[in-house]
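Visitor: What follows is a structure written as structure tokens; I'll ask about it next.
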Amino acid sequence: MTDETKGLILGAALGECVHVAGVLSFLRIAEQEGYHTLFTGPATPVDELVAAIQRESPDIVAVSYRLTPENARSLLLNLGESCSNEGLIGAGTMGTRFVFGGTPPVAKVAREIGLFEAVFDGQQPPEAAIAYLRGHP
């Protein structure tokens with residue numbers, strides 16, 4: 001970890017998903033890049049994640065979901081709507097950014113939702129996460 005922290009990343013495995021290896025790997029890479037990280041845990045309900053975003057004011061929210069694309073669509077739309085209603089995205093926000101990680105079919109849904117500035121589907125090398133964290137495409 002560097003001497004200067006770059007900001008806070010809040011990570012969560014959303015909904016009923018208990019698969020945490022991907023988001024924990026991303027958070028570990030973020031720590032190596034100088035970020036402070038917090039993890040809400042597996043199977044985090046949308047309302048609990050929104051409350052954590054409000055409480056912690058992270059720079060980046062890293063969301064993971066690895067189950068069905070159909071359930072992902074509903075959860076991610078709910079997350080986007082809830083965050084928008086709470087003023088966490090859109091005009092007047094503090095600049096919270098959202099990233100997503102999941103299986104290729106779920107990542108496709110996440111891209112369609114439009115909430116996430118980066119979507120990882122497990123096929124990218126760790127260098128892709130490092131590049132993202134360093135502000136490179």
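Residues are named by chain letter and number: chains run A, B, ... in the order of the structure tokens, numbers start at 1 in each chain, and ligands are numbered from 1 in the order shown.
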What's the 10 Å shell around Ala52 of chain A, counting only C-alpha atoms, without same-chain residues fewer than 3 positions away, as a PyMOL selection string?

Guide: chain A and resi 10-12+38-40+46-49+55-58+61

Visitor: Taking the DSSP secondary structure from the backbone, can you list the residues of chain A that are strand (DSSP E or B), as a VMD selection string?

Guide: chain A and resid 8 to 14 36 to 39 44 60 to 65 97 to 102 118 to 120

Visitor: Quick one: pull the distance between atom CA of Ala129 of chain A and atom CA of Gln54 of chain A, Å, one decimal.

Guide: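 Atom-to-atom, atom CA of Ala129 of chain A and atom CA of Gln54 of chain A are spaced 24.7 Å apart.
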
Visitor: Report as a PyMOL selection string all protein, DNA and RNA residues lying within 8 Å of Leu76 of chain A, evaluated on only C-alpha atoms, omitting residues in the same chain fewer than 3 positions from it.

Guide: chain A and resi 72-73+79-80+110+113

Visitor: Neighbours of Ala131 of chain A within 12 Å (only C-alpha atoms; same-chain residues fewer than 6 positions away dropped), as a list of chain:residue names?

Guide: A:Phe26, A:Ile29, A:Ala30, A:Glu33, A:Ala118, A:Gln124, A:Pro125, A:Pro137

Visitor: Those residues with C-alpha atoms, as a compact mmCIF listing (two decimals), in the first residue's frame please?

Guide:
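Listing of again_28.txt after writing:
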# COMPACT_ATOMS: atom_id res chain seq x y z
CA PHE A 26 -10.71 -6.44 -6.72
CA ILE A 29 -5.84 -5.04 -5.84
CA ALA A 30 -7.33 -1.66 -4.88
CA GLU A 33 -2.99 0.58 -5.47
CA ALA A 118 -16.53 -0.32 -15.76
CA GLN A 124 -9.91 -9.74 -18.09
CA PRO A 125 -6.45 -10.08 -16.56
CA PRO A 137 -9.22 2.72 -19.97

Visitor: Which residues are near Val20 of chain A? Cut-off 12 Å, only C-alpha atoms, ignore same chain within fewer than 6 positions. Put them as a PyMOL selection string.

Guide: chain A and resi 11-14+26-27+39-44+62-67+101-102

Visitor: Using only C-alpha atoms, which of A:Gln123, A:Arg28, A:Gly22, A:Val109 sits nearest Ser74 of chain A?

Guide: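 Distance minimum relative to Ser74 of chain A lands on A:Val109.
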
Visitor: Work out how far apart atom CA of Pro45 of chain A and atom CA of Glu16 of chain A are and give it in Å to one decimal.

Guide: 7.5 Å

Visitor: So, counting only C-alpha atoms, which residue among A:Gly122, A:Glu70, A:Ile60, A:Arg111 is closest to Phe98 of chain A?

Guide: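 Of A:Gly122, A:Glu70, A:Ile60, A:Arg111, the one nearest Phe98 of chain A, counting only C-alpha atoms, is A:Ile60.
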
Visitor: List every residue of chain A that DSSP, applied to the backbone of this structure, assigns to alpha helix (DSSP H), and report them as a ChimeraX atom specification.

Guide: /A:21-32,46-56,69-85,104-113,126-133

Visitor: Can you work out which one of A:Ser82, A:Gly114, A:Leu8, A:Gln32 has the shortest atom-to-atom distance to Phe100 of chain A, counting only C-alpha atoms?

Guide: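 Checking each of A:Ser82, A:Gly114, A:Leu8, A:Gln32 against Phe100 of chain A, counting only C-alpha atoms, the winner is A:Gly114.
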